[in-house]
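As structure tokens, the structure follows; a few thoughts come after it.
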Amino acid sequence: MSNETISAEGGDAMPRRLEFHEELDQLEATIQEMGELVLRSIRGSLNALRAGDHELADEVIAFDDEVDDRAQTVEQHVEMLLARQAPVATDLRRILAVLHINIHLERMADLCVNIAKLAKIAHAFHGPEVIVEGFEEMGSRAEEMTKVALDSFQNRDLAAAESLPQLDELIDNGNRRVIGHLAKLEGTEQAREWALLMIVVSRCLERLGDNAVDIGEQTAYLVSGEFREFEDASHPVS
């Protein structure tokens, strides 16, 4: 092979490589956009629940379409990159991390939709304030965890990612307290039905935390090259 041929191949490879990383950067930017939408959905769904606001609940439900559109875009671009570039090592880990985080953010948006739908069903009955306060605490923790998870991924911050299980334990504790209050709730059939709906809301908030932990695990995988499940309530040690 002539020197001219080698030079030409090398010169052609560099622009392709640069384009590849620019596409990866764009995928990560889309992931961050999805994260912002999820954060707005968490807050919106909780506000709709507290106020019994049907219009706000409908906005959260409709908002999910934006998350789904971005999720589909990410998935399609990942498929194209895998087929066209056949990445290895760090680049492959980066693509796989984006793909899995994409899935977790889409699930988180779906959980917010569930809360919004339950807010519409449960609006006619107002339960004890301690329940709503418990949800506010859990929701704030879920927002915090989502921010930490996204920032840890953006900054490749392993320590921040590894802090997520401790934050998740706070949500789990809040879930146990809320369930305990709901279990003691007495009264009319309407009150009992409301309590059952609120148990599902509490579970959705708990699952938001679990998904944030899963995003942290993807950051750890990207940084270290080794996938491991963090030890928390959703990943018990055998």
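Identifiers in the structure tokens: chain A, B, ... in order shown; residue index from 1 per chain; ligand index from 1 in order shown.
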
Handout entry: Selection near Arg207 in chain A, 8 Å with only C-alpha atoms, sequence-local residues under 3 positions removed, as a ChimeraX atom specification
Key = /A:108,111,203-204,210-211

Practice task
Find the residues around Leu81 in chain A up to 9 Å (only C-alpha atoms counted), leave out those fewer than 3 positions away in its own chain, and share them as JSON, numbers by chain.
Solution key: {"A": [20, 23, 24, 76, 77, 78, 84, 85, 86, 87, 95]}

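Each of A:Glu19, A:Asp69, A:Glu143, A:Glu129 was compared to Asn102 in chain A using only C-alpha atoms, and A:Asp69 turns out to be the nearest.
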
Practice task
Choose the residue, out of A:Leu37, A:Val200, A:Ile215, A:Leu27, that has the smallest atom-to-atom separation from Phe135 in chain A; count only C-alpha atoms.
Solution key: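 Ranked by minimum distance to Phe135 in chain A, first place goes to A:Val200.
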
Exercise for the section: Do a neighbour search on Trp194 in chain A at 8 Å with only C-alpha atoms, toss out local chain neighbours closer than 5 positions, and write the hits as a list in words. Expected result: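 Near neighbours after the sequence-gap exclusion: Ala122, Phe125 and Gly127 of chain A.
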
Take the residues that were just selected and, keeping N, CA and C atoms, output them as a compact mmCIF listing (two decimals), in the first residue's frame.
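Result file is part.txt:
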```
# COMPACT_ATOMS: atom_id res chain seq x y z
N ALA A 122 -58.46 10.80 42.39
CA ALA A 122 -58.55 10.94 43.84
C ALA A 122 -58.91 12.34 44.30
N PHE A 125 -61.55 13.47 47.27
CA PHE A 125 -61.35 13.22 48.70
C PHE A 125 -60.01 13.79 49.13
N GLY A 127 -57.29 13.63 51.99
CA GLY A 127 -56.87 12.85 53.14
C GLY A 127 -56.06 13.67 54.12
```

Exercise for the section: Work out how far apart CA of Ala212 in chain A and CA of Arg70 in chain A are and give it in Å to one decimal. Expected result: 18.3 Å

Exercise for the section: Please provide as a count of residues only all residues within 10 Å of Ile179 in chain A, with the sequence filter that same-chain residues fewer than 5 positions apart are discarded (counting only C-alpha atoms). Expected result: 13

Quick one: pick out all alpha helix (DSSP H) residues within range 108-159 of chain A from a backbone DSSP run and write them as an mmCIF file with all heavy atoms, in the first residue's frame.
```cif
data_model
loop_
_atom_site.group_PDB
_atom_site.id
_atom_site.type_symbol
_atom_site.label_atom_id
_atom_site.label_comp_id
_atom_site.auth_asym_id
_atom_site.auth_seq_id
_atom_site.Cartn_x
_atom_site.Cartn_y
_atom_site.Cartn_z
ATOM 1 N N MET A 108 -39.383 6.995 34.122
ATOM 2 C CA MET A 108 -39.669 7.995 35.147
ATOM 3 C C MET A 108 -40.805 8.917 34.701
ATOM 4 O O MET A 108 -41.681 9.285 35.500
ATOM 5 C CB MET A 108 -38.404 8.800 35.457
ATOM 6 C CG MET A 108 -37.323 7.963 36.138
ATOM 7 S SD MET A 108 -35.732 8.824 36.299
ATOM 8 C CE MET A 108 -36.032 9.780 37.790
ATOM 9 N N ALA A 109 -40.796 9.289 33.439
ATOM 10 C CA ALA A 109 -41.886 10.113 32.914
ATOM 11 C C ALA A 109 -43.210 9.356 32.988
ATOM 12 O O ALA A 109 -44.256 9.941 33.310
ATOM 13 C CB ALA A 109 -41.584 10.529 31.475
ATOM 14 N N ASP A 110 -43.179 8.071 32.702
ATOM 15 C CA ASP A 110 -44.394 7.250 32.793
ATOM 16 C C ASP A 110 -44.915 7.185 34.223
ATOM 17 O O ASP A 110 -46.130 7.193 34.459
ATOM 18 C CB ASP A 110 -44.115 5.832 32.291
ATOM 19 C CG ASP A 110 -43.906 5.768 30.785
ATOM 20 O OD1 ASP A 110 -44.316 6.714 30.080
ATOM 21 O OD2 ASP A 110 -43.326 4.777 30.309
ATOM 22 N N LEU A 111 -44.015 7.118 35.188
ATOM 23 C CA LEU A 111 -44.427 7.112 36.590
ATOM 24 C C LEU A 111 -45.113 8.425 36.960
ATOM 25 O O LEU A 111 -46.096 8.429 37.711
ATOM 26 C CB LEU A 111 -43.212 6.868 37.493
ATOM 27 C CG LEU A 111 -42.617 5.452 37.446
ATOM 28 C CD1 LEU A 111 -41.231 5.427 38.104
ATOM 29 C CD2 LEU A 111 -43.545 4.445 38.137
ATOM 30 N N CYS A 112 -44.613 9.529 36.430
ATOM 31 C CA CYS A 112 -45.247 10.825 36.674
ATOM 32 C C CYS A 112 -46.646 10.870 36.058
ATOM 33 O O CYS A 112 -47.573 11.449 36.638
ATOM 34 C CB CYS A 112 -44.395 11.953 36.106
ATOM 35 S SG CYS A 112 -42.812 12.163 36.956
ATOM 36 N N VAL A 113 -46.792 10.270 34.895
ATOM 37 C CA VAL A 113 -48.112 10.178 34.268
ATOM 38 C C VAL A 113 -49.067 9.394 35.169
ATOM 39 O O VAL A 113 -50.233 9.778 35.349
ATOM 40 C CB VAL A 113 -48.009 9.521 32.880
ATOM 41 C CG1 VAL A 113 -49.399 9.149 32.358
ATOM 42 C CG2 VAL A 113 -47.320 10.452 31.899
ATOM 43 N N ASN A 114 -48.582 8.306 35.746
ATOM 44 C CA ASN A 114 -49.419 7.511 36.645
ATOM 45 C C ASN A 114 -49.894 8.345 37.832
ATOM 46 O O ASN A 114 -51.062 8.287 38.229
ATOM 47 C CB ASN A 114 -48.650 6.289 37.146
ATOM 48 C CG ASN A 114 -48.382 5.271 36.063
ATOM 49 O OD1 ASN A 114 -49.016 5.300 35.008
ATOM 50 N ND2 ASN A 114 -47.437 4.393 36.289
ATOM 51 N N ILE A 115 -48.976 9.132 38.401
ATOM 52 C CA ILE A 115 -49.343 9.986 39.536
ATOM 53 C C ILE A 115 -50.386 11.011 39.103
ATOM 54 O O ILE A 115 -51.365 11.273 39.819
ATOM 55 C CB ILE A 115 -48.100 10.689 40.113
ATOM 56 C CG1 ILE A 115 -47.135 9.650 40.714
ATOM 57 C CG2 ILE A 115 -48.501 11.710 41.181
ATOM 58 C CD1 ILE A 115 -45.794 10.227 41.132
ATOM 59 N N ALA A 116 -50.192 11.604 37.927
ATOM 60 C CA ALA A 116 -51.144 12.601 37.425
ATOM 61 C C ALA A 116 -52.526 11.988 37.210
ATOM 62 O O ALA A 116 -53.552 12.607 37.532
ATOM 63 C CB ALA A 116 -50.624 13.209 36.122
ATOM 64 N N LYS A 117 -52.573 10.793 36.672
ATOM 65 C CA LYS A 117 -53.865 10.124 36.452
ATOM 66 C C LYS A 117 -54.538 9.803 37.787
ATOM 67 O O LYS A 117 -55.766 9.956 37.928
ATOM 68 C CB LYS A 117 -53.658 8.846 35.646
ATOM 69 C CG LYS A 117 -53.300 9.087 34.185
ATOM 70 C CD LYS A 117 -53.099 7.787 33.433
ATOM 71 C CE LYS A 117 -52.803 8.031 31.961
ATOM 72 N NZ LYS A 117 -52.569 6.764 31.215
ATOM 73 N N LEU A 118 -53.752 9.382 38.761
ATOM 74 C CA LEU A 118 -54.303 9.097 40.080
ATOM 75 C C LEU A 118 -54.799 10.375 40.752
ATOM 76 O O LEU A 118 -55.785 10.362 41.493
ATOM 77 C CB LEU A 118 -53.245 8.406 40.949
ATOM 78 C CG LEU A 118 -52.905 6.975 40.523
ATOM 79 C CD1 LEU A 118 -51.628 6.503 41.214
ATOM 80 C CD2 LEU A 118 -54.048 6.025 40.841
ATOM 81 N N ALA A 119 -54.113 11.494 40.491
ATOM 82 C CA ALA A 119 -54.549 12.780 41.039
ATOM 83 C C ALA A 119 -55.936 13.138 40.529
ATOM 84 O O ALA A 119 -56.761 13.694 41.274
ATOM 85 C CB ALA A 119 -53.545 13.871 40.664
ATOM 86 N N LYS A 120 -56.223 12.819 39.277
ATOM 87 C CA LYS A 120 -57.534 13.108 38.709
ATOM 88 C C LYS A 120 -58.617 12.235 39.335
ATOM 89 O O LYS A 120 -59.743 12.685 39.565
ATOM 90 C CB LYS A 120 -57.512 12.905 37.191
ATOM 91 C CG LYS A 120 -56.610 13.878 36.452
ATOM 92 C CD LYS A 120 -56.635 13.634 34.955
ATOM 93 C CE LYS A 120 -57.987 13.936 34.363
ATOM 94 N NZ LYS A 120 -57.979 13.830 32.892
ATOM 95 N N ILE A 121 -58.263 10.988 39.631
ATOM 96 C CA ILE A 121 -59.239 10.070 40.215
ATOM 97 C C ILE A 121 -59.514 10.416 41.676
ATOM 98 O O ILE A 121 -60.655 10.335 42.151
ATOM 99 C CB ILE A 121 -58.732 8.618 40.109
ATOM 100 C CG1 ILE A 121 -58.578 8.213 38.641
ATOM 101 C CG2 ILE A 121 -59.682 7.653 40.825
ATOM 102 C CD1 ILE A 121 -57.886 6.879 38.447
ATOM 103 N N ALA A 122 -58.460 10.795 42.387
ATOM 104 C CA ALA A 122 -58.546 10.939 43.844
ATOM 105 C C ALA A 122 -58.905 12.344 44.298
ATOM 106 O O ALA A 122 -58.990 12.600 45.503
ATOM 107 C CB ALA A 122 -57.210 10.537 44.471
ATOM 108 N N GLU A 129 -53.226 15.596 56.076
ATOM 109 C CA GLU A 129 -52.138 16.422 55.572
ATOM 110 C C GLU A 129 -50.794 15.715 55.679
ATOM 111 O O GLU A 129 -49.893 15.952 54.872
ATOM 112 C CB GLU A 129 -52.100 17.748 56.332
ATOM 113 C CG GLU A 129 -51.092 18.751 55.806
ATOM 114 C CD GLU A 129 -51.398 19.238 54.394
ATOM 115 O OE1 GLU A 129 -52.563 19.113 53.951
ATOM 116 O OE2 GLU A 129 -50.469 19.754 53.741
ATOM 117 N N VAL A 130 -50.655 14.830 56.667
ATOM 118 C CA VAL A 130 -49.385 14.141 56.852
ATOM 119 C C VAL A 130 -49.036 13.297 55.623
ATOM 120 O O VAL A 130 -47.858 13.107 55.309
ATOM 121 C CB VAL A 130 -49.420 13.268 58.132
ATOM 122 C CG1 VAL A 130 -50.405 12.101 57.984
ATOM 123 C CG2 VAL A 130 -48.028 12.747 58.467
ATOM 124 N N ILE A 131 -50.054 12.799 54.921
ATOM 125 C CA ILE A 131 -49.809 12.006 53.709
ATOM 126 C C ILE A 131 -49.253 12.905 52.610
ATOM 127 O O ILE A 131 -48.259 12.570 51.955
ATOM 128 C CB ILE A 131 -51.101 11.316 53.230
ATOM 129 C CG1 ILE A 131 -51.704 10.444 54.341
ATOM 130 C CG2 ILE A 131 -50.817 10.500 51.973
ATOM 131 C CD1 ILE A 131 -50.807 9.338 54.805
ATOM 132 N N VAL A 132 -49.897 14.042 52.420
ATOM 133 C CA VAL A 132 -49.443 14.980 51.386
ATOM 134 C C VAL A 132 -48.039 15.477 51.693
ATOM 135 O O VAL A 132 -47.192 15.599 50.798
ATOM 136 C CB VAL A 132 -50.428 16.160 51.273
ATOM 137 C CG1 VAL A 132 -49.941 17.152 50.212
ATOM 138 C CG2 VAL A 132 -51.819 15.666 50.930
ATOM 139 N N GLU A 133 -47.775 15.751 52.960
ATOM 140 C CA GLU A 133 -46.433 16.190 53.358
ATOM 141 C C GLU A 133 -45.396 15.099 53.075
ATOM 142 O O GLU A 133 -44.273 15.390 52.647
ATOM 143 C CB GLU A 133 -46.429 16.549 54.833
ATOM 144 C CG GLU A 133 -47.208 17.823 55.153
ATOM 145 C CD GLU A 133 -47.315 18.071 56.646
ATOM 146 O OE1 GLU A 133 -46.870 17.192 57.430
ATOM 147 O OE2 GLU A 133 -47.833 19.138 57.034
ATOM 148 N N GLY A 134 -45.798 13.851 53.315
ATOM 149 C CA GLY A 134 -44.899 12.735 53.009
ATOM 150 C C GLY A 134 -44.585 12.657 51.528
ATOM 151 O O GLY A 134 -43.430 12.430 51.133
ATOM 152 N N PHE A 135 -45.598 12.883 50.689
ATOM 153 C CA PHE A 135 -45.383 12.869 49.247
ATOM 154 C C PHE A 135 -44.483 14.027 48.812
ATOM 155 O O PHE A 135 -43.646 13.875 47.918
ATOM 156 C CB PHE A 135 -46.719 12.947 48.506
ATOM 157 C CG PHE A 135 -47.528 11.679 48.582
ATOM 158 C CD1 PHE A 135 -48.903 11.709 48.418
ATOM 159 C CD2 PHE A 135 -46.922 10.460 48.816
ATOM 160 C CE1 PHE A 135 -49.659 10.549 48.475
ATOM 161 C CE2 PHE A 135 -47.661 9.284 48.885
ATOM 162 C CZ PHE A 135 -49.037 9.333 48.712
ATOM 163 N N GLU A 136 -44.673 15.186 49.436
ATOM 164 C CA GLU A 136 -43.836 16.337 49.099
ATOM 165 C C GLU A 136 -42.368 16.037 49.407
ATOM 166 O O GLU A 136 -41.471 16.367 48.621
ATOM 167 C CB GLU A 136 -44.294 17.570 49.879
ATOM 168 C CG GLU A 136 -45.548 18.220 49.321
ATOM 169 C CD GLU A 136 -45.318 18.848 47.962
ATOM 170 O OE1 GLU A 136 -44.181 19.261 47.677
ATOM 171 O OE2 GLU A 136 -46.284 18.919 47.178
ATOM 172 N N GLU A 137 -42.133 15.415 50.554
ATOM 173 C CA GLU A 137 -40.763 15.063 50.928
ATOM 174 C C GLU A 137 -40.177 14.050 49.943
ATOM 175 O O GLU A 137 -39.042 14.213 49.469
ATOM 176 C CB GLU A 137 -40.731 14.484 52.339
ATOM 177 C CG GLU A 137 -39.339 14.052 52.782
ATOM 178 C CD GLU A 137 -39.337 13.341 54.128
ATOM 179 O OE1 GLU A 137 -40.359 13.387 54.833
ATOM 180 O OE2 GLU A 137 -38.299 12.730 54.450
ATOM 181 N N MET A 138 -40.951 13.014 49.622
ATOM 182 C CA MET A 138 -40.469 12.005 48.685
ATOM 183 C C MET A 138 -40.230 12.606 47.309
ATOM 184 O O MET A 138 -39.240 12.289 46.637
ATOM 185 C CB MET A 138 -41.472 10.853 48.593
ATOM 186 C CG MET A 138 -41.606 10.028 49.863
ATOM 187 S SD MET A 138 -42.922 8.796 49.742
ATOM 188 C CE MET A 138 -42.241 7.674 48.514
ATOM 189 N N GLY A 139 -41.133 13.492 46.876
ATOM 190 C CA GLY A 139 -40.980 14.114 45.573
ATOM 191 C C GLY A 139 -39.743 14.995 45.500
ATOM 192 O O GLY A 139 -39.026 14.997 44.492
ATOM 193 N N SER A 140 -39.485 15.741 46.573
ATOM 194 C CA SER A 140 -38.285 16.578 46.604
ATOM 195 C C SER A 140 -37.029 15.724 46.544
ATOM 196 O O SER A 140 -36.050 16.076 45.873
ATOM 197 C CB SER A 140 -38.280 17.433 47.873
ATOM 198 O OG SER A 140 -39.351 18.359 47.864
ATOM 199 N N ARG A 141 -37.055 14.592 47.257
ATOM 200 C CA ARG A 141 -35.917 13.668 47.202
ATOM 201 C C ARG A 141 -35.735 13.107 45.793
ATOM 202 O O ARG A 141 -34.614 12.964 45.296
ATOM 203 C CB ARG A 141 -36.118 12.522 48.192
ATOM 204 C CG ARG A 141 -36.182 12.924 49.645
ATOM 205 C CD ARG A 141 -34.855 13.447 50.151
ATOM 206 N NE ARG A 141 -34.913 13.717 51.586
ATOM 207 C CZ ARG A 141 -33.945 14.309 52.267
ATOM 208 N NH1 ARG A 141 -32.849 14.712 51.633
ATOM 209 N NH2 ARG A 141 -34.073 14.522 53.570
ATOM 210 N N ALA A 142 -36.852 12.784 45.143
ATOM 211 C CA ALA A 142 -36.780 12.242 43.782
ATOM 212 C C ALA A 142 -36.201 13.267 42.815
ATOM 213 O O ALA A 142 -35.400 12.930 41.933
ATOM 214 C CB ALA A 142 -38.165 11.797 43.321
ATOM 215 N N GLU A 143 -36.601 14.535 42.981
ATOM 216 C CA GLU A 143 -36.034 15.596 42.143
ATOM 217 C C GLU A 143 -34.533 15.726 42.391
ATOM 218 O O GLU A 143 -33.745 15.846 41.436
ATOM 219 C CB GLU A 143 -36.729 16.916 42.452
ATOM 220 C CG GLU A 143 -38.164 16.997 41.962
ATOM 221 C CD GLU A 143 -38.812 18.311 42.341
ATOM 222 O OE1 GLU A 143 -39.356 18.418 43.461
ATOM 223 O OE2 GLU A 143 -38.765 19.246 41.512
ATOM 224 N N GLU A 144 -34.152 15.726 43.659
ATOM 225 C CA GLU A 144 -32.734 15.831 43.993
ATOM 226 C C GLU A 144 -31.939 14.678 43.390
ATOM 227 O O GLU A 144 -30.862 14.886 42.803
ATOM 228 C CB GLU A 144 -32.561 15.842 45.512
ATOM 229 C CG GLU A 144 -31.099 15.910 45.963
ATOM 230 C CD GLU A 144 -30.936 15.757 47.471
ATOM 231 O OE1 GLU A 144 -31.940 15.509 48.168
ATOM 232 O OE2 GLU A 144 -29.786 15.869 47.938
ATOM 233 N N MET A 145 -32.469 13.469 43.517
ATOM 234 C CA MET A 145 -31.765 12.302 42.989
ATOM 235 C C MET A 145 -31.643 12.362 41.470
ATOM 236 O O MET A 145 -30.614 11.970 40.898
ATOM 237 C CB MET A 145 -32.483 11.022 43.412
ATOM 238 C CG MET A 145 -32.355 10.690 44.887
ATOM 239 S SD MET A 145 -33.124 9.102 45.273
ATOM 240 C CE MET A 145 -32.039 7.975 44.367
ATOM 241 N N THR A 146 -32.697 12.836 40.817
ATOM 242 C CA THR A 146 -32.655 12.943 39.356
ATOM 243 C C THR A 146 -31.566 13.913 38.922
ATOM 244 O O THR A 146 -30.807 13.651 37.981
ATOM 245 C CB THR A 146 -34.021 13.402 38.815
ATOM 246 O OG1 THR A 146 -35.033 12.485 39.245
ATOM 247 C CG2 THR A 146 -34.006 13.466 37.292
ATOM 248 N N LYS A 147 -31.480 15.049 39.617
ATOM 249 C CA LYS A 147 -30.438 16.026 39.306
ATOM 250 C C LYS A 147 -29.040 15.448 39.545
ATOM 251 O O LYS A 147 -28.131 15.617 38.720
ATOM 252 C CB LYS A 147 -30.638 17.285 40.150
ATOM 253 C CG LYS A 147 -31.879 18.078 39.791
ATOM 254 C CD LYS A 147 -32.071 19.245 40.761
ATOM 255 C CE LYS A 147 -33.356 20.006 40.465
ATOM 256 N NZ LYS A 147 -33.599 21.084 41.452
ATOM 257 N N VAL A 148 -28.864 14.775 40.686
ATOM 258 C CA VAL A 148 -27.558 14.174 40.994
ATOM 259 C C VAL A 148 -27.192 13.133 39.942
ATOM 260 O O VAL A 148 -26.050 13.069 39.465
ATOM 261 C CB VAL A 148 -27.569 13.543 42.401
ATOM 262 C CG1 VAL A 148 -26.305 12.711 42.634
ATOM 263 C CG2 VAL A 148 -27.688 14.622 43.475
ATOM 264 N N ALA A 149 -28.166 12.306 39.561
ATOM 265 C CA ALA A 149 -27.909 11.251 38.576
ATOM 266 C C ALA A 149 -27.488 11.846 37.238
ATOM 267 O O ALA A 149 -26.513 11.394 36.612
ATOM 268 C CB ALA A 149 -29.155 10.382 38.413
ATOM 269 N N LEU A 150 -28.212 12.867 36.777
ATOM 270 C CA LEU A 150 -27.898 13.476 35.486
ATOM 271 C C LEU A 150 -26.567 14.220 35.521
ATOM 272 O O LEU A 150 -25.780 14.154 34.575
ATOM 273 C CB LEU A 150 -29.024 14.422 35.074
ATOM 274 C CG LEU A 150 -30.345 13.739 34.706
ATOM 275 C CD1 LEU A 150 -31.467 14.764 34.606
ATOM 276 C CD2 LEU A 150 -30.204 12.975 33.390
ATOM 277 N N ASP A 151 -26.311 14.928 36.622
ATOM 278 C CA ASP A 151 -25.037 15.643 36.749
ATOM 279 C C ASP A 151 -23.862 14.679 36.825
ATOM 280 O O ASP A 151 -22.788 14.934 36.261
ATOM 281 C CB ASP A 151 -25.052 16.540 37.996
ATOM 282 C CG ASP A 151 -25.948 17.760 37.825
ATOM 283 O OD1 ASP A 151 -26.345 18.048 36.673
ATOM 284 O OD2 ASP A 151 -26.263 18.411 38.841
ATOM 285 N N SER A 152 -24.054 13.569 37.543
ATOM 286 C CA SER A 152 -22.960 12.592 37.652
ATOM 287 C C SER A 152 -22.622 12.008 36.288
ATOM 288 O O SER A 152 -21.452 11.779 35.978
ATOM 289 C CB SER A 152 -23.335 11.480 38.637
ATOM 290 O OG SER A 152 -24.337 10.624 38.111
ATOM 291 N N PHE A 153 -23.651 11.801 35.464
ATOM 292 C CA PHE A 153 -23.409 11.288 34.118
ATOM 293 C C PHE A 153 -22.715 12.335 33.257
ATOM 294 O O PHE A 153 -21.727 12.037 32.573
ATOM 295 C CB PHE A 153 -24.724 10.859 33.476
ATOM 296 C CG PHE A 153 -24.584 10.391 32.056
ATOM 297 C CD1 PHE A 153 -23.810 9.288 31.743
ATOM 298 C CD2 PHE A 153 -25.218 11.066 31.031
ATOM 299 C CE1 PHE A 153 -23.671 8.856 30.426
ATOM 300 C CE2 PHE A 153 -25.093 10.652 29.713
ATOM 301 C CZ PHE A 153 -24.316 9.543 29.411
ATOM 302 N N GLN A 154 -23.193 13.549 33.311
ATOM 303 C CA GLN A 154 -22.612 14.608 32.491
ATOM 304 C C GLN A 154 -21.154 14.874 32.854
ATOM 305 O O GLN A 154 -20.315 15.106 31.977
ATOM 306 C CB GLN A 154 -23.428 15.892 32.658
ATOM 307 C CG GLN A 154 -22.981 17.033 31.762
ATOM 308 C CD GLN A 154 -23.895 18.237 31.895
ATOM 309 O OE1 GLN A 154 -24.318 18.606 32.980
ATOM 310 N NE2 GLN A 154 -24.229 18.850 30.772
ATOM 311 N N ASN A 155 -20.855 14.822 34.156
ATOM 312 C CA ASN A 155 -19.509 15.145 34.638
ATOM 313 C C ASN A 155 -18.630 13.916 34.861
ATOM 314 O O ASN A 155 -17.477 14.067 35.306
ATOM 315 C CB ASN A 155 -19.615 15.931 35.950
ATOM 316 C CG ASN A 155 -20.386 17.226 35.784
ATOM 317 O OD1 ASN A 155 -20.256 17.905 34.768
ATOM 318 N ND2 ASN A 155 -21.210 17.569 36.769
ATOM 319 N N LEU A 158 -18.042 9.719 39.528
ATOM 320 C CA LEU A 158 -18.323 8.425 40.147
ATOM 321 C C LEU A 158 -18.797 8.586 41.592
ATOM 322 O O LEU A 158 -19.722 7.893 42.030
ATOM 323 C CB LEU A 158 -17.085 7.538 40.091
ATOM 324 C CG LEU A 158 -17.224 6.129 40.676
ATOM 325 C CD1 LEU A 158 -18.325 5.349 39.980
ATOM 326 C CD2 LEU A 158 -15.890 5.376 40.567
ATOM 327 N N ALA A 159 -18.175 9.494 42.329
ATOM 328 C CA ALA A 159 -18.550 9.689 43.734
ATOM 329 C C ALA A 159 -20.004 10.138 43.858
ATOM 330 O O ALA A 159 -20.740 9.666 44.738
ATOM 331 C CB ALA A 159 -17.613 10.703 44.390
#
```

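Residue neighbourhood of Ile101 in chain A, excluding near-sequence residues (fewer than 2 positions): Ile31, Leu96, Ala97, Val98, Leu99, Ile103, His104, Leu105, Glu106, Asn211, Asp214, Ile215, Gly216 and Gln218 of chain A, at 9 Å, using only C-alpha atoms.
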
Practice task
Give me the residues within 8 Å of Glu217 in chain A as a list in words, counting only C-alpha atoms and dropping any in the same chain fewer than 6 places off.
Solution key: Ala161, Glu162, Phe227, Arg228, Glu229 and Phe230 of chain A

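CA of Ile61 in chain A is positioned 23.4 Å from CA of Asn175 in chain A.
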
Practice task
Between CA of His123 in chain A and CA of Glu193 in chain A, measure the distance and give it in Å to one decimal.
Solution key: 11.8 Å
